[in-house]
Structures are given as C-alpha cells and as structure tokens.
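What follows is a short report on a single structure.
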Amino acid sequence: MKKNLKRNIVMCAVLLFVCASVYLNWSYNNRWGKADEAMVEAEDAAMEESEMLYEQALAEEEQESEAVNGYFASARLTRQQSRDEALSLLETAAASESASQETIDSAMESIAAMATWSMQEAQIENLLLAKDFDECVAYISGDRVTVAVPAPDEGLSDATVARITDTITSETEYAASQLTIIEVKNNSESN
C-alpha cells in the first residue's frame, strides 16, 4: 500500500509540473504577442542575403583554388612532356647504328639520371603533400632542385621554407644552396 501511495504522489507531482509548464509556456507566448510580419520578412531577407554572400565567397574560393591547381597540373604536364621528348631523343641516339659506344653509354647514363630524378621528384612531392602543402611540383635537373608551392599573399614563412629545405636536403643529395623555391600566389582579382 505504501508503494501505491508513493507512486500516486509521484504521478501527481509530475502531472502538476507538466500543467505548470504548459501554463507558463502559454502565458509567455501570450505576453510577447504575435510576430511582427515586417520584422519576420526583414530577418528572412537578411538570412537569404547572408546565405547568398556565403555561397559567392565559396564560389570565389573554389575559382581561386582551381586557378592555382591549374598551374600545378600544367607544370607537371610540361615537365612530363619535356622529359618524354628528352628520353625519346636519348633512346634514338642510343639505338642509332652509327652511334659510338661512348654515345650509347652517355645516353644510357642520362636516361638513368632522368629516371632517378623522376623518382626523387615524386618522393619530394609526396612528402611535401604529407607535410600539409595543398599542392606542389618539384623539378630536378643536373645540379638544381626547383620546387613550386602555393603561397599566401604575405609569402612563405621562414618556418615553411625551412620545412621545404629540410625535406629536400634529407631526401636527396642536394644542398640547400642548390634549391630554388617558387612561391605560387593566386593573382586573380576579387570582385
């Protein structure tokens, strides 16, 4: 019987709280009255305008990103085409019947060097991408390493240049003095 009494008291208390919350909600809503239609329309217009501005900003950012990414894609394509042409010339020279053994050996050494450079370029690019660069392109030839990375408007920080330099000097036999870093900035004008 005590259990039933306790249960009934708890149920009455819960019912009382529910009724009180319904009454308070009703009185709160009545106190403020109905929504002002002009205010609602103004708020809706402001929300639509802010959404439109946000979408425009996203579209502009996407266009800027595509322009920068287009540079890197173009640079990679140009690098690959020039390497393919050079390899074709070296293979032709090495396969020529009139080529001396010295010419053949020199062509084979150049082909091997290009293969090594291509692997090192890919490795450098992958390491820089792993170190939070959005894009990059590396080009190795002879005694130089050139790396192009996207740069903010204020330019690359000293810490960023040090990260790039450290990555290249630790992965190749090149010294920091043999490294050229190109900062690719987005030059598109904002509206």
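Going through the structure tokens in order, the chains are called A, B, and so on, while each chain numbers its residues from 1 and the ligands are numbered from 1 in the order shown.
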
Checklist entry - Hey, what does DSSP flag as strand (DSSP E) within stretch 64-180 of chain A? Can you give it to me as a list in words? => result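 Output for stretch 64-180 of chain A, strand (DSSP E) only: Val137, Ala138, Tyr139, Ile140, Ser141, Arg144, Val145, Thr146, Val147, Ala148, Val149, Pro150, Leu179 and Thr180 of chain A.
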
Those selected residues, please, written with N, CA and C atoms and delivered as a PDB file, in the first residue's frame.
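Writing the result to selection.pdb gives the following:
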```
ATOM      1  N   VAL A 137      54.981  21.081 -56.948  1.00  0.00           N
ATOM      2  CA  VAL A 137      55.606  20.415 -58.080  1.00  0.00           C
ATOM      3  C   VAL A 137      57.109  20.602 -57.928  1.00  0.00           C
ATOM      4  N   ALA A 138      57.850  19.514 -58.118  1.00  0.00           N
ATOM      5  CA  ALA A 138      59.309  19.547 -57.994  1.00  0.00           C
ATOM      6  C   ALA A 138      59.918  19.245 -59.358  1.00  0.00           C
ATOM      7  N   TYR A 139      61.053  19.861 -59.626  1.00  0.00           N
ATOM      8  CA  TYR A 139      61.775  19.615 -60.872  1.00  0.00           C
ATOM      9  C   TYR A 139      63.254  19.530 -60.542  1.00  0.00           C
ATOM     10  N   ILE A 140      63.842  18.397 -60.884  1.00  0.00           N
ATOM     11  CA  ILE A 140      65.274  18.186 -60.634  1.00  0.00           C
ATOM     12  C   ILE A 140      65.970  18.079 -61.977  1.00  0.00           C
ATOM     13  N   SER A 141      67.071  18.803 -62.105  1.00  0.00           N
ATOM     14  CA  SER A 141      67.878  18.688 -63.319  1.00  0.00           C
ATOM     15  C   SER A 141      69.319  18.978 -62.939  1.00  0.00           C
ATOM     16  N   ARG A 144      70.465  21.199 -59.778  1.00  0.00           N
ATOM     17  CA  ARG A 144      69.464  22.102 -59.200  1.00  0.00           C
ATOM     18  C   ARG A 144      68.188  21.339 -58.871  1.00  0.00           C
ATOM     19  N   VAL A 145      67.514  21.815 -57.839  1.00  0.00           N
ATOM     20  CA  VAL A 145      66.175  21.348 -57.489  1.00  0.00           C
ATOM     21  C   VAL A 145      65.294  22.586 -57.403  1.00  0.00           C
ATOM     22  N   THR A 146      64.193  22.565 -58.139  1.00  0.00           N
ATOM     23  CA  THR A 146      63.242  23.663 -58.107  1.00  0.00           C
ATOM     24  C   THR A 146      61.917  23.109 -57.605  1.00  0.00           C
ATOM     25  N   VAL A 147      61.343  23.787 -56.615  1.00  0.00           N
ATOM     26  CA  VAL A 147      60.065  23.366 -56.047  1.00  0.00           C
ATOM     27  C   VAL A 147      59.114  24.561 -56.077  1.00  0.00           C
ATOM     28  N   ALA A 148      57.931  24.332 -56.597  1.00  0.00           N
ATOM     29  CA  ALA A 148      56.890  25.361 -56.600  1.00  0.00           C
ATOM     30  C   ALA A 148      55.807  24.934 -55.621  1.00  0.00           C
ATOM     31  N   VAL A 149      55.440  25.838 -54.717  1.00  0.00           N
ATOM     32  CA  VAL A 149      54.392  25.569 -53.724  1.00  0.00           C
ATOM     33  C   VAL A 149      53.445  26.764 -53.669  1.00  0.00           C
ATOM     34  N   PRO A 150      52.175  26.515 -53.327  1.00  0.00           N
ATOM     35  CA  PRO A 150      51.265  27.657 -53.176  1.00  0.00           C
ATOM     36  C   PRO A 150      51.670  28.489 -51.973  1.00  0.00           C
ATOM     37  N   LEU A 179      68.890  24.642 -54.054  1.00  0.00           N
ATOM     38  CA  LEU A 179      67.436  24.611 -54.036  1.00  0.00           C
ATOM     39  C   LEU A 179      66.848  25.966 -54.400  1.00  0.00           C
ATOM     40  N   THR A 180      65.836  25.941 -55.254  1.00  0.00           N
ATOM     41  CA  THR A 180      65.073  27.147 -55.587  1.00  0.00           C
ATOM     42  C   THR A 180      63.620  26.870 -55.234  1.00  0.00           C
TER      43      THR A 180
END
```

Mind checking which residues fall within 9 Å of A:Thr172, counting only C-alpha atoms, ignoring those fewer than 5 positions away in the same chain, and posting them as number ranges by chain?
A: 120, 124, 167

Pick out the closest residue to A:Pro152 from this set: A:Val184, A:Ala42, A:Met119, A:Ala94. Count only C-alpha atoms.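 Of A:Val184, A:Ala42, A:Met119, A:Ala94, the one nearest A:Pro152 is A:Val184, counting only C-alpha atoms.
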
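Between atom CA of A:Gln123 and atom CA of A:Arg79 lies a distance of 15.4 Å.
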
Atom CA of A:Ala162 sits from atom CA of A:Thr78 at a separation of 27.2 Å
